[in-house]
$ cat protein_15.tsv   # TSV, C-alpha atoms
chain	number	residue	atom	x	y	z
G	24	MET	CA	5.01	19.34	3.48
G	25	MET	CA	3.71	18.18	6.81
G	26	PHE	CA	6.58	15.67	7.18
G	27	GLU	CA	8.91	18.53	8.09
G	28	ASN	CA	6.98	18.90	11.35
G	29	LEU	CA	7.12	15.28	12.43
G	30	ARG	CA	9.02	14.62	15.64
G	31	PHE	CA	10.91	11.88	13.80
G	32	PRO	CA	10.51	11.82	9.99
G	33	VAL	CA	9.69	8.14	9.49
G	34	ILE	CA	6.70	7.09	7.42
G	35	ALA	CA	5.02	3.68	7.57
G	36	ALA	CA	4.80	2.69	3.92
G	37	PRO	CA	1.55	1.59	2.31
G	38	MET	CA	1.71	-2.20	1.99
G	39	ALA	CA	-1.24	-3.31	-0.09
G	40	GLY	CA	-2.67	-6.78	0.24
G	41	GLY	CA	-2.91	-6.97	4.01
G	42	PRO	CA	0.09	-5.76	6.05
G	43	SER	CA	-1.03	-2.13	6.27
G	44	THR	CA	-3.86	-1.69	8.77
G	45	PRO	CA	-5.56	1.18	10.59
G	46	GLU	CA	-3.90	-0.07	13.77
G	47	LEU	CA	-0.42	0.09	12.22
G	48	VAL	CA	-0.98	3.58	10.83
G	49	ALA	CA	-2.37	4.81	14.15
G	50	ALA	CA	0.54	3.32	16.11
G	51	VAL	CA	3.17	5.01	13.93
G	52	THR	CA	1.40	8.38	13.88
G	53	GLY	CA	0.93	8.14	17.63
G	54	ALA	CA	4.64	7.49	18.10
G	55	GLY	CA	5.58	10.67	16.25
G	56	GLY	CA	5.70	9.59	12.61
G	57	PHE	CA	3.28	9.31	9.72
G	58	GLY	CA	1.43	6.37	8.21
G	59	PHE	CA	-0.20	5.40	4.93
G	60	LEU	CA	-3.07	3.05	4.24
G	61	GLY	CA	-2.54	0.92	1.13
G	62	ALA	CA	-5.69	1.15	-0.99
G	63	GLY	CA	-4.47	-1.37	-3.59
G	64	TYR	CA	-6.75	-4.41	-4.00
G	65	LEU	CA	-9.37	-3.04	-1.59
G	66	THR	CA	-12.90	-2.23	-2.68
G	67	ALA	CA	-13.92	1.40	-2.35
G	68	ALA	CA	-16.22	0.45	0.53
G	69	ALA	CA	-13.40	-1.37	2.36
G	70	LEU	CA	-11.09	1.62	1.88
G	71	ASP	CA	-13.76	3.92	3.29
G	72	GLU	CA	-14.08	1.65	6.34
G	73	GLN	CA	-10.32	1.68	6.87
G	74	ILE	CA	-10.17	5.47	6.65
G	75	VAL	CA	-12.95	5.81	9.20
G	76	SER	CA	-11.34	3.24	11.50
G	77	THR	CA	-7.96	4.96	11.30
G	78	ALA	CA	-9.47	8.36	12.07
G	79	GLU	CA	-11.13	6.84	15.14
G	80	LEU	CA	-7.79	5.44	16.32
G	81	THR	CA	-5.67	8.54	15.85
G	82	GLY	CA	-6.24	12.26	15.92
G	83	GLU	CA	-3.22	12.82	13.69
G	84	PRO	CA	-3.26	13.12	9.89
G	85	PHE	CA	-2.49	10.06	7.78
G	86	GLY	CA	-2.32	9.24	4.10
G	87	VAL	CA	-3.75	6.87	1.51
G	88	ASN	CA	-1.87	5.35	-1.42
G	89	LEU	CA	-3.67	4.64	-4.71
G	90	PHE	CA	-2.60	2.43	-7.60
G	91	VAL	CA	-2.87	4.26	-10.92
G	92	PRO	CA	-4.35	1.86	-13.50
G	93	GLY	CA	-2.45	1.11	-16.69
G	94	ALA	CA	-3.56	-0.26	-20.04
G	95	PRO	CA	-4.64	-3.88	-20.61
G	96	SER	CA	-1.78	-6.22	-21.47
G	97	GLU	CA	-1.39	-7.68	-24.95
G	98	ALA	CA	1.01	-10.40	-23.77
G	99	ASP	CA	0.31	-14.07	-24.49
G	100	LEU	CA	-0.41	-15.68	-21.13
G	101	THR	CA	-0.77	-19.26	-22.40
G	102	ALA	CA	2.63	-20.62	-21.35
G	103	HIS	CA	2.57	-18.94	-17.95
G	104	ARG	CA	-0.96	-20.19	-17.35
G	105	GLU	CA	0.21	-23.75	-18.02
G	106	ARG	CA	3.10	-23.39	-15.58
G	107	LEU	CA	0.83	-21.95	-12.91
G	108	ALA	CA	-1.71	-24.72	-13.50
G	109	ALA	CA	0.71	-27.22	-11.95
G	110	GLU	CA	0.80	-25.07	-8.80
G	111	ALA	CA	-2.98	-24.85	-8.78
G	112	ARG	CA	-3.24	-28.65	-8.91
G	113	ARG	CA	-0.73	-28.89	-6.05
G	114	TYR	CA	-3.10	-26.89	-3.82
G	115	GLY	CA	-6.36	-28.24	-5.22
G	116	VAL	CA	-7.65	-24.94	-6.62
G	117	GLU	CA	-8.58	-23.48	-9.99
G	118	LEU	CA	-6.64	-20.63	-11.51
G	119	GLY	CA	-8.29	-17.21	-11.50
G	120	ASP	CA	-9.59	-15.19	-14.42
G	121	PRO	CA	-6.68	-13.16	-15.88
G	122	ARG	CA	-8.78	-10.04	-16.30
G	123	TRP	CA	-7.80	-6.42	-16.56
G	124	GLU	CA	-9.45	-3.97	-14.19
G	125	ASP	CA	-8.72	-0.49	-12.84
G	126	ASP	CA	-8.54	-1.44	-9.13
G	127	ALA	CA	-11.68	0.68	-8.64
G	128	TYR	CA	-9.45	3.73	-8.95
G	129	PRO	CA	-12.21	6.26	-9.76
G	130	ALA	CA	-14.35	5.11	-6.83
G	131	LYS	CA	-11.39	5.14	-4.44
G	132	LEU	CA	-10.46	8.62	-5.62
G	133	ASP	CA	-14.01	9.69	-4.77
G	134	VAL	CA	-13.58	8.19	-1.29
G	135	VAL	CA	-10.34	10.01	-0.43
G	136	ILE	CA	-11.83	13.26	-1.70
G	137	ALA	CA	-15.06	12.81	0.24
G	138	ARG	CA	-13.13	11.91	3.40
G	139	ARG	CA	-10.71	14.80	2.80
G	140	VAL	CA	-7.64	12.62	3.31
G	141	PRO	CA	-4.83	15.16	3.80
G	142	VAL	CA	-2.08	13.28	1.92
G	143	VAL	CA	-2.65	11.06	-1.12
G	144	SER	CA	0.18	9.20	-2.84
G	145	PHE	CA	0.21	7.43	-6.19
G	146	THR	CA	2.04	4.36	-7.42
G	147	PHE	CA	2.42	2.93	-10.97
G	148	GLY	CA	1.89	6.31	-12.60
G	149	LEU	CA	0.44	9.77	-12.18
G	150	PRO	CA	-3.10	11.04	-11.67
G	151	SER	CA	-4.69	13.15	-14.38
G	152	ALA	CA	-4.70	16.94	-14.19
G	153	ASP	CA	-8.44	16.80	-13.46
G	154	ASP	CA	-7.82	14.39	-10.57
G	155	VAL	CA	-5.14	16.72	-9.22
G	156	ALA	CA	-7.55	19.65	-9.35
G	157	ARG	CA	-10.22	17.71	-7.44
G	158	LEU	CA	-7.76	16.61	-4.79
G	159	ARG	CA	-6.42	20.14	-4.41
G	160	ALA	CA	-9.97	21.43	-3.94
G	161	ALA	CA	-10.36	18.91	-1.09
G	162	GLY	CA	-7.17	20.19	0.57
G	163	ALA	CA	-4.97	17.18	-0.21
G	164	GLN	CA	-1.22	17.20	-0.64
G	165	LEU	CA	0.03	14.87	-3.39
G	166	ILE	CA	2.98	12.51	-3.55
G	167	ALA	CA	4.15	10.54	-6.59
G	168	THR	CA	6.22	7.36	-6.31
G	169	VAL	CA	9.15	7.54	-8.75
G	170	THR	CA	12.08	5.30	-9.61
G	171	SER	CA	14.05	7.46	-12.06
G	172	PRO	CA	14.91	11.07	-12.91
G	173	GLU	CA	12.57	11.00	-15.92
G	174	GLU	CA	9.61	9.91	-13.82
G	175	ALA	CA	10.53	12.62	-11.32
G	176	ARG	CA	10.46	15.25	-14.07
G	177	LEU	CA	7.01	14.17	-15.22
G	178	ALA	CA	5.67	14.25	-11.66
G	179	ALA	CA	7.16	17.68	-11.03
G	180	GLU	CA	5.59	19.01	-14.24
G	181	LEU	CA	2.20	17.78	-13.01
G	182	GLY	CA	2.65	19.78	-9.83
G	183	VAL	CA	2.82	17.20	-7.04
G	184	ASP	CA	4.00	18.34	-3.61
G	185	ALA	CA	6.66	15.68	-3.00
G	186	LEU	CA	8.23	12.56	-4.47
G	187	CYS	CA	8.63	9.15	-2.89
G	188	VAL	CA	11.95	7.98	-4.35
G	189	GLN	CA	12.03	4.18	-4.52
G	190	GLY	CA	15.41	2.47	-4.75
G	191	PHE	CA	15.88	-1.03	-6.13
G	192	GLU	CA	16.38	-2.31	-2.56
G	193	ALA	CA	12.68	-1.88	-1.80
G	194	GLY	CA	10.36	-4.81	-1.24
G	195	GLY	CA	7.14	-5.24	-3.19
G	196	HIS	CA	6.26	-3.82	-6.58
G	197	ARG	CA	8.51	-1.34	-8.29
G	198	GLY	CA	6.61	1.90	-8.76
G	199	LEU	CA	7.51	2.10	-12.45
G	200	PHE	CA	5.28	4.22	-14.67
G	201	VAL	CA	5.99	1.83	-17.57
G	202	ASP	CA	7.13	-1.78	-17.24
G	203	ASP	CA	9.76	-2.72	-19.84
G	204	PRO	CA	9.25	-6.45	-20.59
G	205	ALA	CA	12.86	-6.74	-21.75
G	206	SER	CA	14.21	-6.05	-18.27
G	207	PRO	CA	13.78	-8.40	-15.29
G	208	ALA	CA	13.33	-5.31	-13.11
G	209	GLY	CA	11.08	-3.54	-15.60
G	210	GLY	CA	13.64	-0.92	-16.58
G	211	GLU	CA	16.85	0.72	-15.41
G	212	VAL	CA	17.46	0.31	-11.70
G	213	TYR	CA	18.95	2.80	-9.26
G	214	GLY	CA	20.04	2.25	-5.70
G	215	LEU	CA	18.34	4.57	-3.25
G	216	LEU	CA	21.27	6.93	-2.64
G	217	ALA	CA	22.00	7.18	-6.36
G	218	ALA	CA	18.31	7.84	-7.08
G	219	LEU	CA	18.15	10.57	-4.43
G	220	ARG	CA	21.23	12.27	-5.86
G	221	LEU	CA	20.11	12.07	-9.49
G	222	ILE	CA	16.53	13.10	-8.83
G	223	SER	CA	17.48	16.02	-6.57
G	224	SER	CA	19.62	17.33	-9.45
G	225	VAL	CA	16.64	17.63	-11.80
G	226	VAL	CA	13.69	18.61	-9.56
G	227	ASP	CA	13.23	20.93	-6.61
G	228	LEU	CA	10.75	19.00	-4.47
G	229	PRO	CA	10.85	17.34	-1.04
G	230	LEU	CA	12.04	13.77	-1.40
G	231	ILE	CA	10.91	10.79	0.66
G	232	ALA	CA	13.45	7.97	0.61
G	233	ALA	CA	12.24	4.37	0.30
G	234	GLY	CA	14.09	1.11	-0.15
G	235	GLY	CA	15.96	-1.18	2.24
G	236	LEU	CA	15.70	1.12	5.27
G	237	VAL	CA	15.38	-0.99	8.43
G	238	HIS	CA	17.74	0.65	10.96
G	239	GLY	CA	17.88	4.11	12.43
G	240	ALA	CA	21.32	4.62	10.89
G	241	ASP	CA	19.68	4.03	7.48
G	242	VAL	CA	17.19	6.78	8.25
G	243	ALA	CA	20.00	9.10	9.33
G	244	ALA	CA	21.89	8.36	6.11
G	245	VAL	CA	19.05	9.33	3.78
G	246	LEU	CA	18.29	12.46	5.80
G	247	VAL	CA	21.93	13.52	5.45
G	248	ALA	CA	21.64	12.73	1.73
G	249	GLY	CA	18.86	15.29	1.43
G	250	ALA	CA	15.65	13.38	2.00
G	251	ALA	CA	12.89	15.11	3.95
G	252	ALA	CA	11.68	11.80	5.39
G	253	ALA	CA	12.25	8.05	5.21
G	254	GLN	CA	9.50	5.61	4.25
G	255	LEU	CA	9.79	2.10	5.71
G	256	GLY	CA	7.65	-0.93	4.90
G	257	THR	CA	9.69	-4.07	5.47
G	258	ALA	CA	10.74	-2.76	8.89
G	259	PHE	CA	7.10	-3.00	10.00
G	260	LEU	CA	6.20	-6.36	8.41
G	261	ARG	CA	6.50	-8.13	11.77
G	262	ALA	CA	4.90	-5.38	13.82
G	263	ASP	CA	2.09	-6.64	16.04
G	264	GLU	CA	-0.36	-4.34	14.25
G	265	ALA	CA	0.56	-5.49	10.73
G	266	LYS	CA	-1.71	-8.04	9.10
G	267	THR	CA	1.18	-9.90	7.49
G	268	GLN	CA	0.27	-13.50	6.74
G	269	PRO	CA	1.76	-15.93	9.32
G	270	ALA	CA	3.81	-17.86	6.74
G	271	GLN	CA	5.35	-14.66	5.42
G	272	ARG	CA	5.95	-13.37	8.94
G	273	GLN	CA	7.83	-16.59	9.74
G	274	ALA	CA	9.83	-16.51	6.50
G	275	VAL	CA	10.92	-12.95	7.27
G	276	ALA	CA	11.83	-13.94	10.83
G	277	ASP	CA	13.87	-16.92	9.60
G	278	GLY	CA	15.97	-14.62	7.41
G	279	GLY	CA	17.55	-17.35	5.32
G	280	ARG	CA	16.28	-16.54	1.84
G	281	ALA	CA	17.69	-14.29	-0.85
G	282	THR	CA	15.46	-11.69	-2.48
G	283	ALA	CA	14.89	-11.16	-6.20
G	284	PHE	CA	12.64	-9.39	-8.68
G	285	THR	CA	9.84	-11.38	-10.25
G	286	ARG	CA	6.75	-10.99	-12.44
G	287	ALA	CA	5.65	-14.57	-11.74
G	288	PHE	CA	2.90	-13.66	-9.27
G	289	THR	CA	1.40	-10.44	-10.64
G	290	GLY	CA	2.90	-9.65	-14.04
G	291	ARG	CA	4.71	-6.58	-12.65
G	292	PRO	CA	8.27	-6.54	-11.28
G	293	ALA	CA	8.33	-6.88	-7.50
G	294	ARG	CA	11.03	-7.82	-4.99
G	295	GLY	CA	10.27	-10.77	-2.75
G	296	LEU	CA	11.86	-13.66	-0.91
G	297	VAL	CA	13.00	-16.42	-3.23
G	298	ASN	CA	10.74	-19.47	-3.10
G	299	ARG	CA	9.72	-22.27	-5.47
G	300	VAL	CA	7.39	-20.25	-7.68
G	301	LEU	CA	9.77	-17.29	-7.90
G	302	SER	CA	12.66	-19.61	-8.78
G	303	GLU	CA	10.84	-21.70	-11.36
G	304	LEU	CA	8.40	-19.31	-13.02
G	305	SER	CA	10.11	-15.91	-13.09
G	306	GLU	CA	12.31	-16.23	-16.16
G	307	GLN	CA	9.49	-16.36	-18.71
G	308	ALA	CA	6.76	-14.57	-16.79
G	309	PRO	CA	5.17	-11.94	-19.06
G	310	SER	CA	4.55	-8.29	-18.30
G	311	ALA	CA	0.81	-8.45	-17.66
G	312	TYR	CA	-0.47	-6.58	-14.62
G	313	PRO	CA	-3.06	-6.97	-13.18
G	314	GLU	CA	-3.98	-9.96	-15.35
G	315	LEU	CA	-1.40	-12.28	-13.73
G	316	HIS	CA	-2.31	-10.97	-10.29
G	317	HIS	CA	-5.83	-12.31	-10.79
G	318	LEU	CA	-4.62	-15.51	-12.49
G	319	SER	CA	-2.33	-16.50	-9.61
G	320	ARG	CA	-4.44	-15.19	-6.74
G	321	PRO	CA	-6.17	-18.50	-5.87
G	322	VAL	CA	-2.79	-20.25	-5.73
G	323	ARG	CA	-1.28	-17.60	-3.46
G	324	ALA	CA	-4.33	-17.65	-1.21
G	325	ALA	CA	-4.32	-21.45	-0.95
G	326	ALA	CA	-0.61	-21.52	-0.16
G	327	GLY	CA	-1.15	-18.93	2.55
G	328	GLN	CA	-4.00	-20.90	4.08
G	329	ALA	CA	-1.80	-24.00	4.05
G	330	GLY	CA	1.04	-22.11	5.71
G	331	ASP	CA	3.28	-22.92	2.74
G	332	PRO	CA	5.55	-20.02	1.74
G	333	GLU	CA	6.69	-21.67	-1.51
G	334	ALA	CA	3.83	-20.31	-3.64
G	335	MET	CA	3.21	-17.01	-1.84
G	336	SER	CA	4.30	-13.56	-2.93
G	337	LEU	CA	6.65	-12.91	-0.01
G	338	TRP	CA	7.31	-9.24	-0.70
G	339	ALA	CA	10.23	-7.87	1.33
G	340	GLY	CA	13.20	-5.55	0.88
G	341	GLN	CA	16.81	-6.65	0.56
G	342	THR	CA	17.59	-6.01	4.24
G	343	TYR	CA	14.55	-7.84	5.60
G	344	ALA	CA	16.65	-10.23	7.72
G	345	LEU	CA	17.68	-7.32	9.96
G	346	THR	CA	14.14	-6.41	10.99
G	347	GLY	CA	12.59	-7.00	14.39
G	348	ALA	CA	9.17	-7.74	15.79
G	349	GLY	CA	6.89	-6.27	18.44
G	350	PRO	CA	4.56	-3.31	18.83
G	351	ALA	CA	4.96	-0.76	16.04
G	352	ALA	CA	5.57	2.01	18.58
G	353	GLU	CA	8.55	0.09	19.98
G	354	ILE	CA	9.97	-0.53	16.50
G	355	PHE	CA	9.54	3.19	15.79
G	356	ALA	CA	11.19	4.21	19.08
G	357	LYS	CA	14.16	1.92	18.39
G	358	LEU	CA	14.59	3.48	14.94
G	359	GLU	CA	14.54	6.96	16.46
G	360	THR	CA	17.11	6.06	19.11
G	361	GLU	CA	19.40	4.48	16.52
G	362	ALA	CA	19.09	7.49	14.23
G	363	ARG	CA	19.92	9.96	16.98
G	364	GLU	CA	22.91	7.83	18.01
G	365	ALA	CA	24.11	7.76	14.40
G	366	PHE	CA	23.88	11.53	14.18
G	367	ALA	CA	25.72	11.89	17.49
G	368	ARG	CA	28.56	9.64	16.30
G	369	ALA	CA	28.94	11.92	13.31
G	370	GLY	CA	28.97	15.00	15.53
G	371	ARG	CA	25.62	16.13	14.21
G	372	SER	CA	22.14	16.53	15.63
G	373	LEU	CA	18.83	15.38	14.26
G	374	GLY	CA	17.49	18.60	15.75
G	375	PRO	CA	14.43	19.31	17.84
G	376	ARG	CA	11.18	18.50	16.14
G	377	THR	CA	7.64	19.24	17.21
G	378	ARG	CA	4.79	16.81	17.13
G	379	GLY	CA	2.48	19.22	15.33
G	380	HIS	CA	1.35	18.78	11.75
G	381	SER	CA	0.54	21.43	9.17
G	382	GLY	CA	-2.08	19.54	7.22
G	383	LYS	CA	-5.09	19.23	9.50

$ encode --input "protein_15.tsv" --output "structure tokens"
Amino acid sequence: MMFENLRFPVIAAPMAGGPSTPELVAAVTGAGGFGFLGAGYLTAAALDEQIVSTAELTGEPFGVNLFVPGAPSEADLTAHRERLAAEARRYGVELGDPRWEDDAYPAKLDVVIARRVPVVSFTFGLPSADDVARLRAAGAQLIATVTSPEEARLAAELGVDALCVQGFEAGGHRGLFVDDPASPAGGEVYGLLAALRLISSVVDLPLIAAGGLVHGADVAAVLVAGAAAAQLGTAFLRADEAKTQPAQRQAVADGGRATAFTRAFTGRPARGLVNRVLSELSEQAPSAYPELHHLSRPVRAAAGQAGDPEAMSLWAGQTYALTGAGPAAEIFAKLETEAREAFARAGRSLGPRTRGHSGK
């Protein structure tokens, strides 16, 4: 994998819905790492524009993350719709249409193939064997997001090149292949270090660690634990180049909220900062993604426009309060310095790394 040749093996995670931008990806790749665009919720045309813009900003390879569509939900949304209706009245908007759709996955797949994106990652499931063959023919390396040993086995059987191992500490949606409605977190949960250990015992693939990593010592820890690279999202939420909504940026900066899993906003378990909607609507929120995403979207948008964090999906990892702000390159450099200091304290060395990549 090309991540072995990074000067410092930190990856800017794909953060769908706004925070990930061409500028953020370019800044991290330019600093010596790797970056992903989040294709989730974009149209195929918008994704194509972002790929072109990113390529214009950096001469280094970068990746794109795709959401794998699931089946339509059979859950009864009536009660949750009624609870959300009160929030809609609060902001003077109408609820959205709780429709199922495939996030334009086939069209976005065509885009990444046509643009010959060198690394393509998948969340919420696995691509088909035919999709894998098409991507391989276009020269792409493939990464699957997994949360358990069983998901890792399935991904390895498909023939992906690496796994992004997501611990329960991570902000945003859990990358579960199947959401178990009986569990608040959608299924069994593993901390990142436990997940790395268990998954490395059943598959022989490079592992990318993700979940609650905001300090260079965190990066050093997962590298010592066997990860090939560390993927950070929350750490870059307040980067200058991130398009994080102002109310969320401020809530992260304030650092006073707990985090918890919720289906209240999208119908799929995701970790975010606790606010009014998460507190009051999570307990009975059904498993219905993307139907609830579309149902609640006008409320979330109106709350964001009003600068009110209480009805926004404030996705963030458990350690969000320890993050900083500023140019992404400075955040990246601080992480690298901290990691090298952590290795030095342990009498180890991160080792010399070149800036070159093997995938372009």

$ residues_around --input "protein_15.tsv" --residues "G:Val169" --least-positions-apart "2" --cutoff "8 Å" --atoms "all atoms listed in the file" --output "PyMOL selection string"
chain G and resi 146+167+171-172+174-175+186-189+198-200

$ atom_distance --input "protein_15.tsv" --atom1 "atom CA of G:Gln341" --atom2 "atom CA of G:Asp125"
29.5 Å

$ closest_residue --input "protein_15.tsv" --among "G:Pro84, G:Gly56, G:Pro321, G:Gly63" --to "G:Ala163" --atoms "only C-alpha atoms"
G:Pro84

$ residues_around --input "protein_15.tsv" --residues "stretch 306-316 of chain G" --least-positions-apart "2" --cutoff "9 Å" --atoms "only C-alpha atoms" --output "number ranges by chain"
G: 92-100, 102-104, 119-126, 202-204, 207, 209, 285-292, 301-304, 318-320

$ atom_distance --input "protein_15.tsv" --atom1 "atom CA of G:Pro141" --atom2 "atom CA of G:Asp71"
14.4 Å

$ closest_residue --input "protein_15.tsv" --among "G:Val91, G:Val75, G:Val135, G:Val212" --to "G:Ala160" --atoms "all atoms listed in the file"
G:Val135

$ residues_near_point --input "protein_15.tsv" --point "(17.6, 19.2, 13.3)" --cutoff "12 Å" --atoms "only C-alpha atoms" --output "short mmCIF file (atom, residue, chain, number, x, y, z; two decimals) with C-alpha atoms, in the coordinates of the input"
data_model
loop_
_atom_site.label_atom_id
_atom_site.label_comp_id
_atom_site.auth_asym_id
_atom_site.auth_seq_id
_atom_site.Cartn_x
_atom_site.Cartn_y
_atom_site.Cartn_z
CA GLU G 27 8.91 18.53 8.09
CA ASN G 28 6.98 18.90 11.35
CA LEU G 29 7.12 15.28 12.43
CA ARG G 30 9.02 14.62 15.64
CA PHE G 31 10.91 11.88 13.80
CA PRO G 32 10.51 11.82 9.99
CA ALA G 243 20.00 9.10 9.33
CA LEU G 246 18.29 12.46 5.80
CA VAL G 247 21.93 13.52 5.45
CA ALA G 251 12.89 15.11 3.95
CA ALA G 362 19.09 7.49 14.23
CA ARG G 363 19.92 9.96 16.98
CA PHE G 366 23.88 11.53 14.18
CA ALA G 367 25.72 11.89 17.49
CA ARG G 371 25.62 16.13 14.21
CA SER G 372 22.14 16.53 15.63
CA LEU G 373 18.83 15.38 14.26
CA GLY G 374 17.49 18.60 15.75
CA PRO G 375 14.43 19.31 17.84
CA ARG G 376 11.18 18.50 16.14
CA THR G 377 7.64 19.24 17.21
#

$ residues_near_point --input "protein_15.tsv" --point "(-5.9, 15.0, -9.4)" --cutoff "10 Å" --atoms "all atoms listed in the file" --output "list in words"
Leu132, Ile136, Val143, Leu149, Pro150, Ser151, Ala152, Asp153, Asp154, Val155, Ala156, Arg157, Leu158, Arg159, Ala160, Ala163, Leu165, Leu181, Gly182 and Val183 of chain G

$ residues_around --input "protein_15.tsv" --residues "G:Leu47" --least-positions-apart "5" --cutoff "7 Å" --atoms "only C-alpha atoms" --output "NGL selection string"
:G and (264-265 or 351)

$ atom_distance --input "protein_15.tsv" --atom1 "atom CA of G:Ala253" --atom2 "atom CA of G:Leu216"
12.0 Å

$ closest_residue --input "protein_15.tsv" --among "G:Val134, G:Thr360, G:Met38, G:Arg197" --to "G:Gly61" --atoms "all atoms listed in the file"
G:Met38
